[in-house]
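Content type mmCIF, C-alpha atoms, from the file data03.cif:
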```cif
data_final
#
loop_
_atom_site.group_PDB
_atom_site.id
_atom_site.type_symbol
_atom_site.label_atom_id
_atom_site.label_comp_id
_atom_site.auth_asym_id
_atom_site.auth_seq_id
_atom_site.Cartn_x
_atom_site.Cartn_y
_atom_site.Cartn_z
ATOM 1 C CA MET A 1 23.319 3.446 -18.895
ATOM 2 C CA ARG A 2 22.821 7.046 -17.883
ATOM 3 C CA PRO A 3 23.408 9.197 -20.970
ATOM 4 C CA LEU A 4 26.093 11.852 -21.021
ATOM 5 C CA ARG A 5 24.150 15.072 -21.033
ATOM 6 C CA GLY A 6 26.510 17.489 -22.692
ATOM 7 C CA GLN A 7 25.636 19.764 -25.534
ATOM 8 C CA THR A 8 27.468 17.479 -27.953
ATOM 9 C CA LEU A 9 29.093 14.084 -27.687
ATOM 10 C CA ASN A 10 32.874 14.291 -27.906
ATOM 11 C CA ARG A 11 35.264 11.400 -28.442
ATOM 12 C CA ALA A 12 35.495 10.536 -24.739
ATOM 13 C CA ASP A 13 31.677 10.520 -24.463
ATOM 14 C CA SER A 14 31.345 8.192 -27.430
ATOM 15 C CA LEU A 15 33.963 5.808 -26.027
ATOM 16 C CA LEU A 16 32.223 5.692 -22.650
ATOM 17 C CA TRP A 17 28.854 5.121 -24.284
ATOM 18 C CA MET A 18 30.175 2.333 -26.542
ATOM 19 C CA ALA A 19 31.983 0.728 -23.587
ATOM 20 C CA GLY A 20 28.733 0.702 -21.608
ATOM 21 C CA ALA A 21 26.744 -0.767 -24.507
ATOM 22 C CA ALA A 22 29.409 -3.448 -25.068
ATOM 23 C CA ALA A 23 29.365 -4.354 -21.362
ATOM 24 C CA GLU A 24 25.550 -4.588 -21.457
ATOM 25 C CA ALA A 25 25.729 -6.875 -24.495
ATOM 26 C CA VAL A 26 28.270 -9.155 -22.779
ATOM 27 C CA LEU A 27 26.204 -9.258 -19.592
ATOM 28 C CA LEU A 28 23.002 -10.019 -21.505
ATOM 29 C CA PHE A 29 24.771 -12.851 -23.338
ATOM 30 C CA LEU A 30 25.908 -14.341 -20.011
ATOM 31 C CA LEU A 31 22.427 -14.016 -18.505
ATOM 32 C CA LEU A 32 20.874 -15.850 -21.432
ATOM 33 C CA ARG A 33 23.626 -18.463 -21.507
ATOM 34 C CA ARG A 34 23.256 -19.144 -17.775
ATOM 35 C CA ARG A 35 19.455 -19.266 -18.167
ATOM 36 C CA VAL A 36 19.089 -16.571 -15.516
ATOM 37 C CA PHE A 37 15.839 -15.461 -17.155
ATOM 38 C CA SER A 38 13.996 -18.337 -15.473
ATOM 39 C CA SER A 39 14.961 -17.156 -11.975
ATOM 40 C CA LEU A 40 15.446 -13.397 -12.510
ATOM 41 C CA PRO A 41 13.266 -12.431 -15.499
ATOM 42 C CA VAL A 42 12.858 -8.759 -14.530
ATOM 43 C CA PHE A 43 16.596 -8.196 -14.105
ATOM 44 C CA THR A 44 17.336 -9.913 -17.419
ATOM 45 C CA SER A 45 14.647 -7.848 -19.154
ATOM 46 C CA TYR A 46 16.065 -4.702 -17.535
ATOM 47 C CA ILE A 47 19.531 -5.333 -19.016
ATOM 48 C CA ALA A 48 17.979 -6.040 -22.435
ATOM 49 C CA TRP A 49 15.942 -2.825 -22.197
ATOM 50 C CA SER A 50 19.033 -0.862 -21.118
ATOM 51 C CA LEU A 51 20.971 -2.065 -24.163
ATOM 52 C CA ILE A 52 18.166 -1.181 -26.584
ATOM 53 C CA SER A 53 17.537 2.155 -24.839
ATOM 54 C CA ASP A 54 21.205 3.150 -24.841
ATOM 55 C CA LEU A 55 21.636 2.407 -28.527
ATOM 56 C CA GLY A 56 18.474 4.358 -29.315
ATOM 57 C CA GLN A 57 19.490 7.326 -27.174
ATOM 58 C CA TYR A 58 22.974 7.358 -28.665
ATOM 59 C CA ALA A 59 21.449 7.538 -32.142
ATOM 60 C CA ALA A 60 19.049 10.278 -30.998
ATOM 61 C CA SER A 61 21.827 12.329 -29.394
ATOM 62 C CA ASN A 62 23.795 12.303 -32.646
ATOM 63 C CA TYR A 63 20.758 12.944 -34.829
ATOM 64 C CA TYR A 64 19.543 15.908 -32.758
ATOM 65 C CA ALA A 65 23.120 17.168 -32.124
ATOM 66 C CA GLY A 66 22.966 17.761 -28.390
ATOM 67 C CA TYR A 67 21.091 15.918 -25.684
ATOM 68 C CA TYR A 68 19.544 19.013 -24.207
ATOM 69 C CA SER A 69 17.937 19.844 -27.528
ATOM 70 C CA GLY A 70 14.176 19.453 -27.459
ATOM 71 C CA ALA A 71 12.957 16.048 -28.605
ATOM 72 C CA ALA A 72 16.127 14.147 -27.679
ATOM 73 C CA PHE A 73 15.951 15.302 -24.070
ATOM 74 C CA ARG A 74 12.266 14.374 -23.849
ATOM 75 C CA ILE A 75 13.164 10.909 -25.125
ATOM 76 C CA TYR A 76 15.660 10.653 -22.281
ATOM 77 C CA VAL A 77 13.055 11.691 -19.691
ATOM 78 C CA VAL A 78 10.581 9.045 -20.916
ATOM 79 C CA SER A 79 13.391 6.482 -21.003
ATOM 80 C CA LEU A 80 14.348 7.351 -17.433
ATOM 81 C CA ALA A 81 10.743 6.866 -16.270
ATOM 82 C CA ILE A 82 10.649 3.382 -17.847
ATOM 83 C CA ASP A 83 14.084 2.675 -16.399
ATOM 84 C CA SER A 84 12.832 3.605 -12.922
ATOM 85 C CA LEU A 85 9.877 1.218 -13.252
ATOM 86 C CA PHE A 86 12.278 -1.558 -14.200
ATOM 87 C CA GLN A 87 14.465 -0.772 -11.187
ATOM 88 C CA PHE A 88 11.402 -0.926 -8.944
ATOM 89 C CA GLY A 89 10.601 -4.332 -10.412
ATOM 90 C CA VAL A 90 14.188 -5.523 -9.924
ATOM 91 C CA LEU A 91 14.101 -4.616 -6.224
ATOM 92 C CA ILE A 92 10.828 -6.510 -5.774
ATOM 93 C CA GLU A 93 12.268 -9.488 -7.647
ATOM 94 C CA LEU A 94 15.421 -9.507 -5.497
ATOM 95 C CA SER A 95 13.309 -9.349 -2.328
ATOM 96 C CA ARG A 96 11.216 -12.267 -3.525
ATOM 97 C CA SER A 97 14.339 -14.229 -4.450
ATOM 98 C CA VAL A 98 15.857 -13.627 -1.007
ATOM 99 C CA LEU A 99 12.716 -15.074 0.606
ATOM 100 C CA LYS A 100 12.616 -18.039 -1.778
ATOM 101 C CA PRO A 101 13.672 -20.662 0.845
ATOM 102 C CA LEU A 102 10.469 -19.876 2.734
ATOM 103 C CA ALA A 103 8.238 -19.378 -0.308
ATOM 104 C CA LYS A 104 6.074 -22.424 0.424
ATOM 105 C CA MET A 105 5.460 -21.372 4.028
ATOM 106 C CA LEU A 106 4.787 -17.685 3.430
ATOM 107 C CA PRO A 107 1.311 -16.481 2.298
ATOM 108 C CA TRP A 108 0.660 -15.922 -1.401
ATOM 109 C CA TRP A 109 0.340 -12.157 -0.938
ATOM 110 C CA THR A 110 3.903 -11.755 0.391
ATOM 111 C CA PRO A 111 5.267 -10.342 -2.943
ATOM 112 C CA ILE A 112 2.406 -7.824 -2.989
ATOM 113 C CA ALA A 113 3.217 -6.766 0.574
ATOM 114 C CA VAL A 114 6.899 -6.377 -0.350
ATOM 115 C CA ALA A 115 5.975 -4.241 -3.383
ATOM 116 C CA ILE A 116 3.741 -2.000 -1.252
ATOM 117 C CA PHE A 117 6.477 -1.674 1.376
ATOM 118 C CA ILE A 118 9.077 -0.628 -1.222
ATOM 119 C CA ALA A 119 6.569 1.813 -2.758
ATOM 120 C CA ILE A 120 5.947 3.375 0.670
ATOM 121 C CA ILE A 121 9.700 3.817 1.192
ATOM 122 C CA CYS A 122 9.982 5.376 -2.270
ATOM 123 C CA ALA A 123 7.131 7.766 -1.470
ATOM 124 C CA ALA A 124 8.840 8.705 1.806
ATOM 125 C CA ILE A 125 12.122 9.397 -0.011
ATOM 126 C CA TRP A 126 10.513 11.572 -2.716
ATOM 127 C CA PRO A 127 10.082 14.767 -0.603
ATOM 128 C CA LEU A 128 13.479 14.222 1.046
ATOM 129 C CA ALA A 129 15.169 14.025 -2.361
ATOM 130 C CA SER A 130 13.886 17.477 -3.291
ATOM 131 C CA SER A 131 16.073 20.577 -3.156
ATOM 132 C CA PRO A 132 15.488 24.336 -3.532
ATOM 133 C CA GLU A 133 18.196 24.248 -6.185
ATOM 134 C CA PHE A 134 15.758 22.407 -8.490
ATOM 135 C CA GLY A 135 14.107 25.771 -9.141
ATOM 136 C CA ARG A 136 16.964 26.643 -11.500
ATOM 137 C CA TYR A 137 15.787 24.008 -13.982
ATOM 138 C CA ASP A 138 12.748 23.737 -16.213
ATOM 139 C CA LYS A 139 9.979 21.204 -15.517
ATOM 140 C CA TYR A 140 11.710 18.363 -17.356
ATOM 141 C CA GLY A 141 15.006 19.068 -15.597
ATOM 142 C CA ARG A 142 13.372 19.184 -12.142
ATOM 143 C CA ASP A 143 11.503 15.908 -12.685
ATOM 144 C CA LEU A 144 14.611 14.278 -14.106
ATOM 145 C CA ILE A 145 16.944 15.131 -11.224
ATOM 146 C CA HIS A 146 14.252 14.457 -8.603
ATOM 147 C CA LEU A 147 13.558 11.006 -10.049
ATOM 148 C CA GLU A 148 17.271 10.204 -10.293
ATOM 149 C CA GLN A 149 17.945 11.134 -6.688
ATOM 150 C CA THR A 150 14.874 9.312 -5.352
ATOM 151 C CA PHE A 151 15.760 6.001 -6.971
ATOM 152 C CA SER A 152 19.454 6.397 -6.186
ATOM 153 C CA ILE A 153 18.606 6.722 -2.479
ATOM 154 C CA LEU A 154 16.180 3.783 -2.719
ATOM 155 C CA ARG A 155 18.827 1.541 -4.322
ATOM 156 C CA ILE A 156 21.430 2.524 -1.731
ATOM 157 C CA LEU A 157 19.045 1.794 1.157
ATOM 158 C CA PHE A 158 18.139 -1.564 -0.382
ATOM 159 C CA PHE A 159 21.809 -2.498 -0.763
ATOM 160 C CA LEU A 160 22.637 -1.451 2.803
ATOM 161 C CA ALA A 161 19.649 -3.354 4.199
ATOM 162 C CA LEU A 162 20.510 -6.505 2.250
ATOM 163 C CA ALA A 163 24.205 -6.328 3.146
ATOM 164 C CA GLY A 164 23.471 -5.532 6.785
ATOM 165 C CA CYS A 165 21.032 -8.429 7.126
ATOM 166 C CA SER A 166 23.083 -10.857 5.008
ATOM 167 C CA GLN A 167 23.886 -13.142 7.946
ATOM 168 C CA LEU A 168 20.267 -13.315 9.084
ATOM 169 C CA LEU A 169 19.103 -13.890 5.499
ATOM 170 C CA SER A 170 21.809 -16.544 4.942
ATOM 171 C CA ILE A 171 23.203 -14.853 1.838
ATOM 172 C CA GLY A 172 26.799 -13.956 1.014
ATOM 173 C CA TRP A 173 28.797 -12.136 -1.634
ATOM 174 C CA ARG A 174 28.573 -15.181 -3.923
ATOM 175 C CA ASP A 175 24.774 -15.095 -3.972
ATOM 176 C CA ARG A 176 23.165 -13.465 -7.004
ATOM 177 C CA GLU A 177 20.839 -11.288 -4.954
ATOM 178 C CA LEU A 178 23.627 -9.577 -3.030
ATOM 179 C CA GLN A 179 25.818 -9.309 -6.142
ATOM 180 C CA ILE A 180 23.083 -7.455 -8.042
ATOM 181 C CA ALA A 181 22.280 -5.259 -5.036
ATOM 182 C CA THR A 182 25.987 -4.468 -4.586
ATOM 183 C CA GLY A 183 26.336 -3.312 -8.190
ATOM 184 C CA LEU A 184 23.211 -1.176 -7.940
ATOM 185 C CA GLY A 185 24.286 0.253 -4.593
ATOM 186 C CA ILE A 186 27.806 1.257 -5.625
ATOM 187 C CA TYR A 187 26.620 2.768 -8.908
ATOM 188 C CA SER A 188 23.871 4.613 -7.044
ATOM 189 C CA MET A 189 26.405 6.176 -4.689
ATOM 190 C CA PHE A 190 28.205 7.692 -7.684
ATOM 191 C CA SER A 191 24.917 8.692 -9.298
ATOM 192 C CA LEU A 192 23.552 10.336 -6.136
ATOM 193 C CA SER A 193 26.807 12.182 -5.455
ATOM 194 C CA ALA A 194 26.816 13.520 -9.004
ATOM 195 C CA ALA A 195 23.137 14.516 -8.813
ATOM 196 C CA VAL A 196 23.736 16.440 -5.575
ATOM 197 C CA LEU A 197 26.800 18.181 -7.019
ATOM 198 C CA HIS A 198 24.859 18.984 -10.192
ATOM 199 C CA THR A 199 22.552 21.224 -8.189
ATOM 200 C CA HIS A 200 25.547 23.286 -7.074
ATOM 201 C CA GLN A 201 27.710 23.268 -10.193
ATOM 202 C CA VAL A 202 28.046 26.450 -12.211
ATOM 203 C CA ARG A 203 30.742 25.444 -14.706
ATOM 204 C CA SER A 204 29.562 23.328 -17.623
ATOM 205 C CA THR A 205 32.909 21.492 -17.840
ATOM 206 C CA GLN A 206 32.596 20.299 -14.230
ATOM 207 C CA TYR A 207 28.953 19.350 -14.801
ATOM 208 C CA HIS A 208 29.857 17.240 -17.799
ATOM 209 C CA LEU A 209 32.830 15.621 -16.063
ATOM 210 C CA LEU A 210 30.483 14.357 -13.350
ATOM 211 C CA ASP A 211 28.294 12.761 -16.025
ATOM 212 C CA GLN A 212 31.348 11.032 -17.459
ATOM 213 C CA ILE A 213 32.343 9.687 -14.036
ATOM 214 C CA VAL A 214 28.815 8.308 -13.508
ATOM 215 C CA ALA A 215 28.880 6.678 -16.957
ATOM 216 C CA ALA A 216 32.254 5.089 -16.156
ATOM 217 C CA SER A 217 30.942 3.809 -12.793
ATOM 218 C CA TYR A 218 27.962 2.211 -14.558
ATOM 219 C CA SER A 219 30.287 0.411 -16.977
ATOM 220 C CA CYS A 220 32.297 -0.867 -13.992
ATOM 221 C CA CYS A 221 29.047 -2.088 -12.419
ATOM 222 C CA LEU A 222 28.184 -3.998 -15.612
ATOM 223 C CA LEU A 223 31.653 -5.557 -15.734
ATOM 224 C CA TYR A 224 31.301 -6.612 -12.093
ATOM 225 C CA TRP A 225 27.984 -8.296 -12.880
ATOM 226 C CA ALA A 226 29.496 -9.951 -15.956
ATOM 227 C CA TYR A 227 32.298 -11.344 -13.788
ATOM 228 C CA CYS A 228 29.788 -12.623 -11.212
ATOM 229 C CA PHE A 229 27.496 -14.291 -13.764
ATOM 230 C CA ALA A 230 30.450 -15.830 -15.600
ATOM 231 C CA ARG A 231 31.100 -17.855 -12.441
ATOM 232 C CA GLN A 232 29.080 -20.753 -11.124
ATOM 233 C CA GLU A 233 26.207 -19.716 -8.885
ATOM 234 C CA ALA A 234 26.644 -20.546 -5.203
ATOM 235 C CA GLU A 235 24.183 -22.973 -3.645
ATOM 236 C CA ARG A 236 21.619 -21.060 -1.628
ATOM 237 C CA ARG A 237 21.746 -21.701 2.114
ATOM 238 C CA GLU A 238 18.664 -22.142 4.271
ATOM 239 C CA PHE A 239 17.551 -19.473 6.701
ATOM 240 C CA THR A 240 18.611 -19.809 10.309
ATOM 241 C CA PRO A 241 15.827 -21.182 12.578
ATOM 242 C CA GLN A 242 15.632 -17.785 14.295
ATOM 243 C CA MET A 243 15.057 -15.991 10.995
ATOM 244 C CA GLN A 244 12.495 -18.580 9.870
ATOM 245 C CA ASN A 245 10.520 -18.125 13.089
ATOM 246 C CA PHE A 246 10.722 -14.325 12.773
ATOM 247 C CA LEU A 247 9.448 -14.242 9.178
ATOM 248 C CA LEU A 248 6.709 -16.756 9.828
ATOM 249 C CA ALA A 249 5.641 -14.848 12.942
ATOM 250 C CA MET A 250 5.415 -11.628 10.911
ATOM 251 C CA ALA A 251 3.361 -13.387 8.227
ATOM 252 C CA GLY A 252 1.131 -14.911 10.907
ATOM 253 C CA THR A 253 0.579 -11.555 12.588
ATOM 254 C CA ALA A 254 -0.309 -9.927 9.270
ATOM 255 C CA ARG A 255 -2.707 -12.760 8.440
ATOM 256 C CA THR A 256 -4.370 -12.528 11.863
ATOM 257 C CA THR A 257 -4.782 -8.766 11.491
ATOM 258 C CA ARG A 258 -6.263 -9.173 8.004
ATOM 259 C CA ILE A 259 -8.769 -11.775 9.233
ATOM 260 C CA ALA A 260 -9.728 -9.603 12.197
ATOM 261 C CA LEU A 261 -10.359 -6.613 9.941
ATOM 262 C CA ALA A 262 -12.456 -8.760 7.587
ATOM 263 C CA ASP A 263 -14.502 -10.147 10.504
ATOM 264 C CA SER A 264 -15.010 -6.633 11.874
ATOM 265 C CA ALA A 265 -16.259 -5.395 8.525
ATOM 266 C CA ALA A 266 -18.606 -8.368 8.196
ATOM 267 C CA GLN A 267 -19.976 -7.753 11.711
ATOM 268 C CA ARG A 268 -20.667 -4.079 10.944
ATOM 269 C CA SER A 269 -22.455 -5.103 7.761
ATOM 270 C CA ARG A 270 -24.678 -7.549 9.702
ATOM 271 C CA ASP A 271 -25.420 -4.914 12.332
ATOM 272 C CA ARG A 272 -26.574 -2.456 9.659
ATOM 273 C CA ARG A 273 -28.949 -5.037 8.170
ATOM 274 C CA LYS A 274 -30.654 -5.651 11.522
#
```
Let me see the structure of the file written as C-alpha cells.
Amino acid sequence: MRPLRGQTLNRADSLLWMAGAAAEAVLLFLLLRRRVFSSLPVFTSYIAWSLISDLGQYAASNYYAGYYSGAAFRIYVVSLAIDSLFQFGVLIELSRSVLKPLAKMLPWWTPIAVAIFIAIICAAIWPLASSPEFGRYDKYGRDLIHLEQTFSILRILFFLALAGCSQLLSIGWRDRELQIATGLGIYSMFSLSAAVLHTHQVRSTQYHLLDQIVAASYSCCLLYWAYCFARQEAERREFTPQMQNFLLAMAGTARTTRIALADSAAQRSRDRRK
C-alpha cells in the first residue's frame, strides 16, 4: 500500500491504512489457502511483503510523527525501491505464466529474454517519466516521484498489452494473469494521475487528498483480487495455432541468430590463431 504522506496521520488516514492492511491480510490468506504460492510465488511473496511493510511504515509514521520527517521518509524510500523490485518480478512471473502452455516448446532462456525486454521498456520509460517540476523537491523526493511514475507507466502498458492481446494469448477475465494485471493497471492509473498532479499542486490539502484517493484505489484493487481468488480458477485454454506458430517462429529466429553470432565469434577466434 502506498503510504499517506501527510505531515501527520489523521483519523481518515488511519482508517484507510487499516483497511488496506486488512485487505492485504485477507488476500494473503486466500492465496495461501488456494495454494497459489506454487504457481505464483513472486506475487504471493509481494502481498506478504506489502502487509509487513505497511504495518512497519504505519508504526514508523506514528513513532516519528509525520512521514516527511527524516528517518521515516527514508524508510519509505527504501521500501518503495524494494516494492518496485517485487513489481518487476511480478510482471516477469505473469509473462512466464501466460506462456506456460508453450513452456515445453520454448527455449530455456525465454524467461531471461522476457526479463531483459521488460527491463529495456522500463529504461525507455525512465527519461519520459521525468519532469522539470521535480526540481522543486529534494533528492529523495525526486527519486521517489520518478520511480513511482516509471513503474506506474510500466504497469499500465503491461495491462494494456495483456488485455489487448488476450484473444491471441487465449486468456480471459477469469484467468489469474489478466486479473492480476487488471488490478495493477487500474491502481496504476490512479497512482500515475496523482503523481502527475502532485507536481503541479500548491495546496497541501489537495496534495494529501490525492494520496488518500490513491490509498483507497489500492484497497479496492486488493478487494478485487480477493474476490477473484475466492472463486475457482478457470481452466487455462491452449493457444490458437496461429499464436503457437508465431511464438515458436520468434524463438526459432532468436535461436538461429544466437547460433550465428556464436559461430561468427568462433570463426574470428580461429582466424586470429592462424
Axis-aligned box for range 157-171 of chain A, 6 Å per side, centre and edges in Å as AutoDock Vina command-line options:
```
--center_x 21.2 --center_y -7.4 --center_z 4.2 --size_x 18.1 --size_y 30.3 --size_z 21.8
```
- Query: What is the distance between CA of Leu197 in chain A and CA of Val214 in chain A, in Å to one decimal?
  - Reply: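 Rounded to one decimal, the two atoms are 12.0 Å apart.
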- Item | Minimum-distance residue to Cys220 in chain A, chosen among A:Ile118, A:Glu235, A:Leu168, A:Thr182 (using only C-alpha atoms) |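 Using only C-alpha atoms, the shortest distance to Cys220 in chain A belongs to A:Thr182.
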- Chain and number of each residue from the PyMOL selection byres ((chain A and resi 81) around 12), as an MDAnalysis selection string: chainID A and resid 53 74:80 82:88 140 143:148 150:151
- Task: Please evaluate the PyMOL selection byres ((chain A and resi 162) around 10) against the structure above and give the resulting residues as a ChimeraX atom specification.
- Result: /A:94-95,98,156-161,163-169,171-172,177-178,181-182
- Item | Atom pair CA of Trp126 in chain A / CA of Ser191 in chain A: separation (Å) |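 About the pair CA of Trp126 in chain A and CA of Ser191 in chain A: they are 16.1 Å apart.
The closest residue to Asp54 in chain A, picked from A:Ala129, A:Leu32, A:Ala215, A:Ile186 and counting all atoms listed in the file, is A:Ala215.
Across the structure, CA of Leu223 in chain A and CA of Tyr207 in chain A are spaced 25.1 Å apart.
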